[in-house]
$ cat structure_30.txt   # compact mmCIF, C-alpha atoms
# COMPACT_ATOMS: atom_id res chain seq x y z
CA MET E 17 -227.51 39.83 -63.79
CA ALA E 18 -224.44 41.82 -64.77
CA LYS E 19 -225.72 41.93 -68.32
CA GLN E 20 -229.04 43.34 -67.13
CA THR E 21 -227.36 46.03 -65.10
CA GLN E 22 -225.18 46.93 -68.05
CA ASN E 23 -228.15 47.17 -70.38
CA ARG E 24 -229.86 49.63 -68.06
CA TYR E 25 -227.11 52.15 -68.82
CA LEU E 26 -227.34 51.83 -72.58
CA VAL E 27 -228.87 54.66 -74.56
CA ASP E 28 -232.38 53.92 -75.78
CA TYR E 29 -233.39 54.21 -79.38
CA GLY E 30 -234.44 57.74 -80.23
CA GLU E 31 -232.86 59.31 -77.17
CA PRO E 32 -231.73 62.85 -78.03
CA VAL E 33 -228.12 62.39 -76.91
CA GLY E 34 -227.02 65.63 -78.56
CA ILE E 35 -229.51 67.77 -76.70
CA ILE E 36 -228.67 66.05 -73.40
CA ALA E 37 -224.97 66.61 -74.06
CA ALA E 38 -225.55 70.27 -74.89
CA GLN E 39 -227.51 70.85 -71.71
CA SER E 40 -225.03 68.90 -69.60
CA VAL E 41 -222.16 71.07 -70.79
CA GLY E 42 -224.16 74.28 -70.96
CA GLU E 43 -225.55 74.30 -67.43
CA PRO E 44 -222.21 74.07 -65.55
CA GLY E 45 -220.79 76.43 -68.18
CA THR E 46 -222.94 79.22 -66.75
CA GLN E 47 -221.12 78.88 -63.44
CA MET E 48 -217.76 79.12 -65.08
CA ILE E 49 -217.98 82.80 -65.93
CA LEU E 50 -218.47 83.79 -62.32
CA ARG E 51 -215.77 81.55 -61.07
CA SER E 52 -212.86 82.67 -63.24
CA PHE E 53 -209.96 83.67 -61.03
CA HIS E 54 -206.21 83.77 -61.27
CA LEU E 55 -203.71 82.05 -59.10
CA ALA E 56 -200.51 83.81 -58.20
CA GLY E 57 -197.44 81.71 -58.69
CA ILE E 58 -194.26 81.02 -60.57
CA GLU E 59 -195.93 79.29 -63.47
CA SER E 60 -194.16 80.60 -66.56
CA THR E 61 -196.67 79.36 -69.09
CA VAL E 62 -200.16 80.48 -68.21
CA ALA E 63 -202.61 78.69 -70.45
CA THR E 64 -205.98 80.09 -71.42
CA SER E 65 -208.50 78.41 -69.17
CA GLY E 66 -212.14 78.41 -68.30
CA LEU E 67 -214.84 79.66 -70.62
CA PRO E 68 -212.54 81.43 -73.10
CA ARG E 69 -210.71 78.15 -73.67
CA ILE E 70 -213.95 76.18 -74.09
CA ILE E 71 -215.17 78.70 -76.67
CA GLU E 72 -211.86 78.46 -78.46
CA LEU E 73 -212.12 74.68 -78.70
CA VAL E 74 -215.77 74.54 -79.62
CA ASP E 75 -215.38 77.21 -82.32
CA ALA E 76 -212.43 75.25 -83.75
CA LYS E 77 -210.01 78.17 -83.79
CA LYS E 78 -207.06 77.45 -86.06
CA LYS E 79 -204.45 78.63 -83.54
CA PRO E 80 -204.92 78.53 -79.78
CA THR E 81 -204.30 81.80 -77.92
CA THR E 82 -201.66 80.12 -75.78
CA PRO E 83 -200.14 77.15 -77.58
CA ILE E 84 -198.43 74.74 -75.22
CA THR E 85 -196.45 71.61 -76.00
CA TYR E 86 -195.99 68.86 -73.44
CA ILE E 87 -192.68 67.24 -74.26
CA TYR E 88 -192.13 63.81 -72.77
CA LEU E 89 -188.67 62.31 -72.70
CA GLU E 90 -187.37 58.91 -73.61
CA SER E 91 -186.76 56.41 -70.82
CA GLY E 92 -182.99 57.01 -70.61
CA VAL E 93 -183.47 60.74 -70.09
CA ASN E 94 -186.70 61.20 -68.18
CA LYS E 95 -185.42 60.37 -64.68
CA ASN E 96 -182.22 62.38 -64.97
CA PHE E 97 -182.48 66.10 -64.20
CA GLU E 98 -179.16 67.05 -65.84
CA LYS E 99 -179.99 65.27 -69.06
CA ALA E 100 -183.46 66.82 -69.10
CA THR E 101 -181.94 70.29 -68.66
CA GLU E 102 -179.58 69.58 -71.53
CA LEU E 103 -182.47 68.59 -73.75
CA LEU E 104 -184.42 71.67 -72.73
CA LYS E 105 -181.50 73.82 -73.91
CA LYS E 106 -181.59 72.05 -77.25
CA ILE E 107 -185.27 72.82 -77.65
CA ASN E 108 -185.50 76.32 -76.12
CA GLU E 109 -185.93 78.84 -78.88
CA VAL E 110 -183.18 81.46 -78.53
CA ARG E 111 -183.06 84.38 -80.92
CA MET E 112 -180.31 86.95 -81.27
CA ASN E 113 -182.32 89.72 -79.59
CA HIS E 114 -182.72 87.57 -76.49
CA ILE E 115 -179.00 87.32 -75.89
CA ALA E 116 -177.78 90.65 -77.29
CA LYS E 117 -177.09 93.35 -74.71
CA ARG E 118 -176.17 96.11 -77.14
CA VAL E 119 -176.18 96.52 -80.89
CA LEU E 120 -174.04 99.19 -82.53
CA GLU E 121 -174.32 99.97 -86.19
CA ASN E 122 -171.32 101.77 -87.61
CA PHE E 123 -172.48 103.16 -90.93
CA SER E 124 -169.25 104.94 -91.84
CA LYS E 125 -167.20 101.76 -91.50
CA GLY E 126 -169.98 99.40 -92.61
CA LYS E 127 -169.82 97.30 -89.49
CA ILE E 128 -172.31 95.97 -86.97
CA LYS E 129 -171.14 95.26 -83.46
CA VAL E 130 -173.15 93.01 -81.16
CA VAL E 131 -172.33 92.81 -77.48
CA LEU E 132 -173.76 89.64 -75.98
CA ASP E 133 -175.14 89.23 -72.49
CA LYS E 134 -172.80 86.90 -70.60
CA GLN E 135 -175.45 85.72 -68.16
CA GLU E 136 -177.93 84.87 -70.88
CA LEU E 137 -175.23 83.05 -72.82
CA ASP E 138 -174.29 80.95 -69.82
CA SER E 139 -177.84 80.07 -68.94
CA GLU E 140 -178.46 78.85 -72.47
CA GLY E 141 -175.13 77.06 -72.61
CA LEU E 142 -173.82 79.03 -75.58
CA THR E 143 -170.47 80.65 -76.39
CA GLN E 144 -169.53 83.74 -78.40
CA LYS E 145 -167.63 81.57 -80.83
CA TYR E 146 -170.68 79.43 -81.49
CA VAL E 147 -172.87 82.48 -82.08
CA ALA E 148 -170.32 83.97 -84.48
CA SER E 149 -170.08 80.77 -86.48
CA LYS E 150 -173.87 80.55 -86.52
CA ILE E 151 -174.05 84.06 -88.01
CA GLU E 152 -171.60 83.11 -90.75
CA LYS E 153 -173.48 79.93 -91.55
CA GLU E 154 -177.05 81.22 -91.38
CA LEU E 155 -176.76 84.70 -92.82
CA ASP E 156 -173.63 84.28 -94.93
CA LEU E 157 -171.93 87.30 -93.34
CA GLU E 158 -168.39 87.79 -92.12
CA ALA E 159 -168.39 87.65 -88.30
CA LYS E 160 -165.34 88.03 -86.05
CA ILE E 161 -164.90 88.17 -82.30
CA GLU E 162 -163.29 91.48 -81.33
CA ASP E 163 -162.56 92.63 -77.76
CA ASN E 164 -165.93 92.03 -76.08
CA GLY E 165 -168.37 91.47 -78.88
CA ILE E 166 -169.03 90.08 -82.32
CA VAL E 167 -168.28 92.36 -85.23
CA VAL E 168 -170.00 91.75 -88.51
CA ASN E 169 -168.22 93.31 -91.47
CA MET E 170 -170.65 94.21 -94.23
CA HIS E 171 -168.11 95.53 -96.78
CA THR E 172 -170.57 98.20 -97.80
CA ARG E 173 -171.65 101.61 -96.62
CA ASN E 174 -175.16 101.34 -97.98
CA LEU E 175 -177.42 102.46 -95.15
CA LYS E 176 -180.38 100.35 -96.22
CA GLU E 177 -178.37 97.15 -96.52
CA ILE E 178 -176.79 97.55 -93.11
CA ARG E 179 -180.12 98.24 -91.45
CA ALA E 180 -181.71 95.23 -93.18
CA ALA E 181 -178.81 93.05 -92.05
CA THR E 182 -179.19 94.24 -88.46
CA ILE E 183 -182.87 93.36 -88.45
CA SER E 184 -182.34 89.88 -89.86
CA LEU E 185 -179.44 89.43 -87.46
CA MET E 186 -181.65 90.23 -84.48
CA LYS E 187 -184.33 87.79 -85.66
CA MET E 188 -181.81 85.01 -86.28
CA LEU E 189 -182.40 81.71 -84.51
CA VAL E 190 -179.28 81.04 -82.45
CA SER E 191 -180.25 77.73 -80.96
CA GLY E 192 -183.28 75.57 -80.33
CA VAL E 193 -186.28 74.66 -82.40
CA ASP E 194 -188.01 77.29 -84.51
CA GLY E 195 -191.36 78.20 -82.92
CA ALA E 196 -190.81 76.07 -79.83
CA GLY E 197 -190.82 79.00 -77.45
CA LYS E 198 -189.43 79.00 -73.94
CA GLY E 199 -189.81 75.87 -71.91
CA THR E 200 -189.62 74.78 -68.33
CA ILE E 201 -188.92 71.46 -66.66
CA ARG E 202 -191.60 69.86 -64.56
CA ARG E 203 -191.83 66.65 -62.60
CA ASP E 204 -194.71 64.27 -62.61
CA ASP E 205 -195.31 63.45 -58.95
CA ALA E 206 -196.94 60.12 -59.71
CA THR E 207 -194.31 58.62 -62.03
CA LYS E 208 -191.36 60.71 -60.79
CA GLU E 209 -190.32 61.52 -64.33
CA PHE E 210 -189.30 64.87 -65.76
CA TYR E 211 -191.12 66.39 -68.68
CA LEU E 212 -190.88 69.72 -70.45
CA VAL E 213 -193.60 72.26 -71.00
CA SER E 214 -192.95 74.73 -73.76
CA ALA E 215 -194.96 77.74 -74.83
CA GLY E 216 -194.95 76.97 -78.54
CA SER E 217 -196.70 74.61 -80.87
CA ASN E 218 -194.07 73.51 -83.37
CA ILE E 219 -194.58 69.90 -82.37
CA GLU E 220 -193.17 68.61 -85.69
CA GLY E 221 -189.87 70.34 -85.02
CA ILE E 222 -189.74 69.28 -81.39
CA MET E 223 -190.38 65.63 -82.22
CA ALA E 224 -187.33 65.65 -84.50
CA VAL E 225 -185.04 66.31 -81.52
CA ASP E 226 -183.21 63.24 -80.17
CA GLY E 227 -184.36 62.09 -76.75
CA VAL E 228 -187.94 63.31 -77.15
CA ASP E 229 -190.51 60.56 -76.70
CA LYS E 230 -192.34 60.58 -80.03
CA THR E 231 -195.17 58.41 -78.75
CA ARG E 232 -196.32 60.66 -75.90
CA THR E 233 -195.40 64.25 -76.75
CA THR E 234 -198.58 66.26 -77.30
CA THR E 235 -199.83 69.80 -77.67
CA ASN E 236 -203.00 71.70 -76.83
CA ASP E 237 -203.21 72.80 -80.48
CA VAL E 238 -205.79 70.37 -81.90
CA PHE E 239 -205.14 71.44 -85.48
CA ALA E 240 -201.45 70.59 -85.10
CA VAL E 241 -202.50 67.15 -83.84
CA TYR E 242 -204.80 66.81 -86.86
CA ARG E 243 -202.04 67.69 -89.31
CA LEU E 244 -199.57 65.35 -87.70
CA PHE E 245 -201.65 62.35 -86.62
CA GLY E 246 -204.96 62.54 -88.47
CA ILE E 247 -208.59 63.02 -87.58
CA GLU E 248 -208.94 60.23 -85.01
CA ALA E 249 -206.13 61.65 -82.88
CA ALA E 250 -207.61 65.13 -83.27
CA SER E 251 -210.94 63.90 -81.99
CA LYS E 252 -209.28 62.37 -78.97
CA ALA E 253 -207.14 65.45 -78.34
CA LEU E 254 -210.21 67.67 -78.54
CA ALA E 255 -212.05 65.53 -75.97
CA ILE E 256 -208.99 65.50 -73.70
CA GLU E 257 -208.67 69.30 -73.89
CA LEU E 258 -212.35 69.81 -73.10
CA LYS E 259 -212.20 67.44 -70.15
CA LYS E 260 -209.02 69.06 -68.85
CA THR E 261 -210.45 72.57 -69.05
CA LEU E 262 -213.63 71.58 -67.22
CA LYS E 263 -211.69 69.65 -64.60
CA GLU E 264 -209.51 72.69 -63.91
CA GLN E 265 -212.67 74.60 -63.07
CA LYS E 266 -213.80 71.74 -60.83
CA ILE E 267 -216.80 71.03 -63.02
CA SER E 268 -217.72 67.41 -63.51
CA VAL E 269 -219.38 66.53 -66.79
CA ASP E 270 -219.70 62.93 -67.91
CA ASP E 271 -216.98 62.02 -70.39
CA ARG E 272 -219.47 60.66 -72.88
CA HIS E 273 -221.05 64.06 -73.48
CA LEU E 274 -217.67 65.54 -74.36
CA ASN E 275 -216.71 62.54 -76.47
CA LEU E 276 -219.92 62.99 -78.42
CA LEU E 277 -219.14 66.66 -78.97
CA ALA E 278 -215.63 65.84 -80.16
CA ASP E 279 -216.95 63.12 -82.48
CA ALA E 280 -219.59 65.44 -83.93
CA MET E 281 -216.97 68.11 -84.59
CA THR E 282 -214.70 65.66 -86.38
CA ALA E 283 -217.35 63.59 -88.20
CA SER E 284 -216.79 65.37 -91.52
CA GLY E 285 -213.11 64.40 -91.72
CA THR E 286 -211.78 67.76 -90.52
CA ILE E 287 -212.36 69.73 -87.33
CA LYS E 288 -215.47 71.87 -87.63
CA GLY E 289 -216.74 74.39 -85.11
CA VAL E 290 -220.28 74.14 -83.84
CA GLY E 291 -221.40 77.65 -84.73
CA ARG E 292 -222.66 79.47 -87.79
CA HIS E 293 -219.71 78.45 -89.93
CA GLY E 294 -219.65 74.88 -88.68
CA LEU E 295 -222.16 72.26 -87.70
CA SER E 296 -225.19 74.54 -87.28
CA GLY E 297 -224.53 76.34 -90.55
CA GLU E 298 -224.34 73.10 -92.50
CA LYS E 299 -227.62 71.53 -91.48
CA LYS E 300 -229.60 70.18 -94.40
CA SER E 301 -232.88 71.78 -93.42
CA VAL E 302 -233.47 75.39 -94.48
CA PHE E 303 -235.74 76.08 -91.52
CA ALA E 304 -233.25 74.68 -89.01
CA ARG E 305 -230.56 77.04 -90.35
CA ALA E 306 -232.96 79.99 -90.53
CA ALA E 307 -234.05 79.37 -86.95
CA TYR E 308 -230.47 79.64 -85.74
CA GLU E 309 -228.75 82.71 -87.16
CA GLU E 310 -228.98 84.91 -90.24
CA THR E 311 -232.63 84.00 -90.84
CA LEU E 312 -233.16 86.16 -93.93
CA LYS E 313 -229.99 85.07 -95.66
CA HIS E 314 -230.97 81.43 -95.53
CA LEU E 315 -234.59 81.96 -96.51
CA ILE E 316 -233.74 84.18 -99.48
CA HIS E 317 -231.04 81.78 -100.64
CA ALA E 318 -233.44 78.85 -100.35
CA ALA E 319 -236.13 80.70 -102.27
CA ALA E 320 -233.77 81.77 -105.03
CA PHE E 321 -232.32 78.30 -105.55
CA GLY E 322 -235.46 76.27 -104.93
CA GLU E 323 -234.18 74.31 -101.93
CA VAL E 324 -236.29 71.51 -100.56
CA ASP E 325 -236.83 70.90 -96.86
CA ARG E 326 -237.67 67.29 -96.00
CA MET E 327 -238.79 68.28 -92.48
CA LYS E 328 -236.90 65.40 -90.91
CA GLY E 329 -235.13 67.25 -88.12
CA VAL E 330 -236.14 68.48 -84.69
CA THR E 331 -235.89 72.26 -85.15
CA GLU E 332 -238.03 72.52 -88.26
CA ASN E 333 -240.76 70.37 -86.72
CA ILE E 334 -240.89 72.49 -83.59
CA LEU E 335 -241.16 75.48 -85.89
CA ILE E 336 -244.30 74.23 -87.60
CA GLY E 337 -245.72 72.66 -84.45
CA LYS E 338 -245.48 69.04 -85.51
CA GLN E 339 -244.41 66.09 -83.40
CA ILE E 340 -240.62 66.00 -83.23
CA PRO E 341 -238.67 62.91 -84.31
CA ILE E 342 -237.26 62.14 -80.88
CA GLY E 343 -238.00 59.18 -78.62
CA THR E 344 -241.52 57.91 -79.23
CA GLY E 345 -241.96 60.57 -81.87
CA SER E 346 -239.36 58.92 -84.07
CA VAL E 347 -241.47 55.87 -84.88
CA LYS E 348 -244.38 55.83 -87.27
CA LEU E 349 -247.25 53.43 -87.70
CA ALA E 350 -247.38 51.76 -91.07
CA VAL E 351 -249.83 49.27 -92.45
CA LYS E 352 -249.12 46.91 -95.33
CA LYS E 353 -251.38 47.24 -98.36
CA GLU E 354 -252.60 43.66 -98.17
CA ASP E 355 -253.43 44.06 -94.49
CA MET E 356 -255.33 47.21 -95.30
CA ALA E 357 -257.77 45.22 -97.41
CA LYS E 358 -258.57 43.00 -94.43
CA ILE E 359 -259.75 45.92 -92.37
CA LYS E 360 -263.46 46.31 -92.74
CA PRO E 361 -265.07 49.64 -92.06
CA LYS E 362 -267.50 49.57 -89.18
CA SER E 363 -270.97 49.72 -90.36
CA ASP E 364 -272.87 52.23 -88.32
CA LYS E 365 -276.19 51.02 -87.26
CA MET L 30 -205.59 43.19 -85.08
CA PRO L 31 -202.36 45.18 -85.13
CA SER L 32 -201.50 46.00 -81.55
CA LYS L 33 -199.45 49.19 -81.56
CA SER L 34 -199.69 52.59 -83.15
CA ASP L 35 -196.99 55.25 -83.37
CA HIS L 36 -198.54 57.70 -80.89
CA GLU L 37 -200.64 57.55 -77.73
CA LEU L 38 -203.34 59.65 -79.36
CA VAL L 39 -203.62 57.48 -82.44
CA PRO L 40 -205.79 54.38 -82.14
CA VAL L 41 -205.19 51.45 -84.46
CA HIS L 42 -206.79 51.86 -87.90
CA GLU L 43 -207.61 48.98 -90.19
CA ILE L 44 -209.21 48.64 -93.62
CA MET L 45 -212.35 46.51 -93.40
CA SER L 46 -213.02 43.69 -95.82
CA ASP L 47 -216.03 44.01 -98.13
CA LYS L 48 -217.77 41.21 -96.27
CA ASP L 49 -217.36 42.92 -92.90
CA VAL L 50 -218.56 46.23 -94.34
CA LYS L 51 -221.72 44.59 -95.67
CA GLU L 52 -222.36 43.02 -92.30
CA LEU L 53 -221.81 46.35 -90.55
CA PHE L 54 -224.33 48.11 -92.79
CA LYS L 55 -226.84 45.31 -92.19
CA THR L 56 -226.54 45.27 -88.40
CA PHE L 57 -226.95 49.02 -88.06
CA ASN L 58 -229.30 49.38 -91.04
CA ILE L 59 -227.25 52.21 -92.57
CA THR L 60 -225.49 53.16 -95.80
CA ILE L 61 -221.95 54.44 -96.22
CA ASP L 62 -223.23 58.05 -96.15
CA ASN L 63 -224.28 57.68 -92.52
CA LEU L 64 -220.76 56.94 -91.29
CA PRO L 65 -218.34 59.59 -90.03
CA LYS L 66 -215.75 60.48 -92.64
CA ILE L 67 -212.00 60.39 -93.02
CA PHE L 68 -210.15 62.05 -95.87
CA GLU L 69 -208.04 59.98 -98.24
CA SER L 70 -205.25 62.48 -97.53
CA ASP L 71 -205.50 61.93 -93.76
CA VAL L 72 -202.20 60.81 -92.26
CA GLN L 73 -203.59 57.50 -91.03
CA ALA L 74 -205.57 56.77 -94.21
CA LYS L 75 -202.47 57.46 -96.29
CA LYS L 76 -200.46 55.02 -94.21
CA LEU L 77 -202.95 52.26 -95.00
CA GLU L 78 -203.29 53.45 -98.62
CA ALA L 79 -207.05 53.48 -98.20
CA LYS L 80 -209.15 54.41 -101.22
CA PRO L 81 -212.44 56.38 -101.27
CA GLY L 82 -215.40 54.08 -100.71
CA GLN L 83 -213.59 51.86 -98.25
CA VAL L 84 -214.41 51.79 -94.55
CA LEU L 85 -211.82 52.01 -91.79
CA LYS L 86 -212.34 50.22 -88.52
CA ILE L 87 -210.78 52.08 -85.61
CA TYR L 88 -210.05 50.32 -82.34
CA ARG L 89 -210.71 53.06 -79.83
CA ARG L 90 -209.75 52.73 -76.24
CA GLU L 91 -211.22 54.64 -73.34
CA GLY L 92 -209.48 53.61 -70.15
CA LYS L 93 -210.06 49.88 -69.98
CA ARG L 94 -213.03 49.96 -72.31
CA GLU L 95 -212.43 49.13 -75.96
CA TYR L 96 -214.91 49.77 -78.72
CA PRO L 97 -214.83 50.00 -82.50
CA TYR L 98 -215.47 53.17 -84.46
CA TYR L 99 -215.99 53.36 -88.19
CA ARG L 100 -215.05 55.99 -90.73
CA ALA L 101 -215.79 56.05 -94.46
CA VAL L 102 -212.87 57.13 -96.65
CA ILE L 103 -213.76 60.09 -98.88
CA ASP L 104 -212.00 62.12 -101.57
CA GLY L 105 -209.85 65.03 -100.51
$ encode --input "structure_30.txt" --output "structure tokens"
Amino acid sequence: MAKQTQNRYLVDYGEPVGIIAAQSVGEPGTQMILRSFHLAGIESTVATSGLPRIIELVDAKKKPTTPITYIYLESGVNKNFEKATELLKKINEVRMNHIAKRVLENFSKGKIKVVLDKQELDSEGLTQKYVASKIEKELDLEAKIEDNGIVVNMHTRNLKEIRAATISLMKMLVSGVDGAGKGTIRRDDATKEFYLVSAGSNIEGIMAVDGVDKTRTTTNDVFAVYRLFGIEAASKALAIELKKTLKEQKISVDDRHLNLLADAMTASGTIKGVGRHGLSGEKKSVFARAAYEETLKHLIHAAAFGEVDRMKGVTENILIGKQIPIGTGSVKLAVKKEDMAKIKPKSDK
Amino acid sequence: MPSKSDHELVPVHEIMSDKDVKELFKTFNITIDNLPKIFESDVQAKKLEAKPGQVLKIYRREGKREYPYYRAVIDG
């Protein structure tokens, strides 16, 4: 009985699952445009959501508009707020221009003076001494603490050199992980654990930090997942992102449609978009490609190179008005040669 | 079947034996070209040292449901 019930839900042979998936995602997608609104709040990292995000995923954009990393913490750290804050400080990307209040270039003496913001320093858990030593180590310059700032002695009066040094000094990474961005601490209400959300996508760098759970930390950048974990993980991440985006908009689409989309996009071994430069542009049939976009380009190319169209797909058969290979149309009647001989023509009397 | 992978997102990959591959092709009536692909240079394929022409069996998990997925290893 259970087996029978289960079998009822299986896909039949020849069922156009792709078309059903496309329609199932497309129809609620039309409602999404009208329903895009913004919530006011204290959220520091506002992710792209709704239709723009779906388009981004489906077109397989190399970099998401708003990369976000969800950093989970190891079991010793994840229930302790102080320890989580400490870890956040280790990860938070702090550059010199974030903490500098004033920068004074003294060209006649060949010195650069940087006055640091005390409040910013305290909130990041840094000291002047640490910053000065970081300058010496990273940029190989002479840095000393004098009255209320750090003075970098350039030993030159060359204008260009001093200006170049100031620029690289301002860009210098003081603490944190390169490309990690600014993060915030959040608490999962269900498991009561703390996790970090950071507005960057350098997941490789973040995973190298001690205390970060390397088995759960993820990002919304599917290409970063692909580079780090391979195509299977990318497929899963893509499906998760699609589901999450639709769920945010309170649209319910069956998971299997989105899984199919993610699998189709990753079937070639890398992530391919669905548009002109992806799945649709790589169809075997000339007519199917010509029917989609850039009709002339495909037809001329096919004519010039003598391409052959086997007319096996759906689009090209609709085009010429033949039965399409879907459902009952996908089976053909064949008769064996020896059976053919047995058939006697009706004699008309 | 190896039970754990190094990340939540990564299902367990396994190189299939020639016998299993033959059986797979027979049950689904397909050739290796019909399978989804995975590059030889893919992180997971590299870990298993899979060579082009082999087939990887992937133990996917969707909630409580488990099902196999197959990918053919290709050059690149």
$ closest_atom_pairs --input "structure_30.txt" --of "chain E" --to "chain L" --cutoff "8 Å" --atoms "all atoms listed in the file" --output "CSV"
residue,atom,partner,partner_atom,distance
E:Lys230,CA,L:His36,CA,6.9
E:Thr231,CA,L:His36,CA,4.1
E:Arg232,CA,L:Glu37,CA,5.6
E:Arg243,CA,L:Val72,CA,7.5
E:Leu244,CA,L:Val72,CA,7.0
E:Phe245,CA,L:Val72,CA,5.9
E:Gly246,CA,L:Val72,CA,5.0
E:Ile247,CA,L:Ile67,CA,6.9
E:Glu248,CA,L:Val39,CA,6.5
E:Ala249,CA,L:Val39,CA,4.9
E:Ala250,CA,L:Leu38,CA,8.0
E:Lys252,CA,L:Leu38,CA,6.5
E:Ala253,CA,L:Leu38,CA,7.0
E:Thr282,CA,L:Pro65,CA,8.0
E:Ala283,CA,L:Pro65,CA,4.5
E:Ser284,CA,L:Lys66,CA,5.1
E:Gly285,CA,L:Ile67,CA,4.4
E:Thr286,CA,L:Ile67,CA,7.8
$ residues_around --input "structure_30.txt" --residues "Gly291 of chain E" --least-positions-apart "5" --cutoff "12 Å" --atoms "all atoms listed in the file" --output "ChimeraX atom specification"
/E:71-77,281,296-299,305,308-310
$ residues_around --input "structure_30.txt" --residues "segment 62-70 of chain E" --least-positions-apart "5" --cutoff "8 Å" --atoms "all atoms listed in the file" --output "PyMOL selection string"
chain E and resi 45+48-49+52+81-84+258+261-262+264-265
$ atom_distance --input "structure_30.txt" --atom1 "atom CA of Arg272 of chain E" --atom2 "atom CA of Glu332 of chain E"
26.9 Å
$ atom_distance --input "structure_30.txt" --atom1 "atom CA of Ser46 of chain L" --atom2 "atom CA of Ser251 of chain E"
24.6 Å
$ atom_distance --input "structure_30.txt" --atom1 "atom CA of Lys95 of chain E" --atom2 "atom CA of Thr200 of chain E"
15.4 Å
$ residues_around --input "structure_30.txt" --residues "segment 145-152 of chain E" --least-positions-apart "4" --cutoff "12 Å" --atoms "all atoms listed in the file" --output "VMD selection string"
chain E and resid 110 to 112 115 to 116 129 to 133 137 140 to 141 156 to 162 164 to 170 181 to 182 184 to 191
$ residues_around --input "structure_30.txt" --residues "Phe303 of chain E" --least-positions-apart "2" --cutoff "12 Å" --atoms "all atoms listed in the file" --output "number ranges by chain"
E: 296-301, 305-319, 323-336
$ build_atoms --input "structure_30.txt" --residues "segment 75-87 of chain L" --atoms "N, CA and C atoms" --output "tab-separated table (two decimals), in the coordinates of the input"
chain	number	residue	atom	x	y	z
L	75	LYS	N	-203.58	57.54	-95.33
L	75	LYS	CA	-202.47	57.46	-96.29
L	75	LYS	C	-201.57	56.27	-95.96
L	76	LYS	N	-201.34	56.11	-94.64
L	76	LYS	CA	-200.46	55.02	-94.21
L	76	LYS	C	-200.99	53.66	-94.64
L	77	LEU	N	-202.33	53.54	-94.63
L	77	LEU	CA	-202.95	52.26	-95.00
L	77	LEU	C	-203.22	52.19	-96.51
L	78	GLU	N	-202.98	53.32	-97.19
L	78	GLU	CA	-203.29	53.45	-98.62
L	78	GLU	C	-204.75	53.14	-98.88
L	79	ALA	N	-205.61	53.70	-98.06
L	79	ALA	CA	-207.05	53.48	-98.20
L	79	ALA	C	-207.59	54.30	-99.37
L	80	LYS	N	-208.55	53.73	-100.06
L	80	LYS	CA	-209.15	54.41	-101.22
L	80	LYS	C	-210.58	54.85	-100.88
L	81	PRO	N	-211.07	55.93	-101.52
L	81	PRO	CA	-212.44	56.38	-101.27
L	81	PRO	C	-213.45	55.25	-101.50
L	82	GLY	N	-214.40	55.15	-100.61
L	82	GLY	CA	-215.40	54.08	-100.71
L	82	GLY	C	-215.14	52.96	-99.73
L	83	GLN	N	-213.90	52.88	-99.24
L	83	GLN	CA	-213.59	51.86	-98.25
L	83	GLN	C	-214.00	52.35	-96.86
L	84	VAL	N	-214.06	51.44	-95.93
L	84	VAL	CA	-214.41	51.79	-94.55
L	84	VAL	C	-213.26	51.40	-93.63
L	85	LEU	N	-212.87	52.31	-92.75
L	85	LEU	CA	-211.82	52.01	-91.79
L	85	LEU	C	-212.45	51.64	-90.45
L	86	LYS	N	-211.92	50.58	-89.86
L	86	LYS	CA	-212.34	50.22	-88.52
L	86	LYS	C	-211.28	50.76	-87.57
L	87	ILE	N	-211.72	51.45	-86.54
L	87	ILE	CA	-210.78	52.08	-85.61
L	87	ILE	C	-210.99	51.49	-84.23
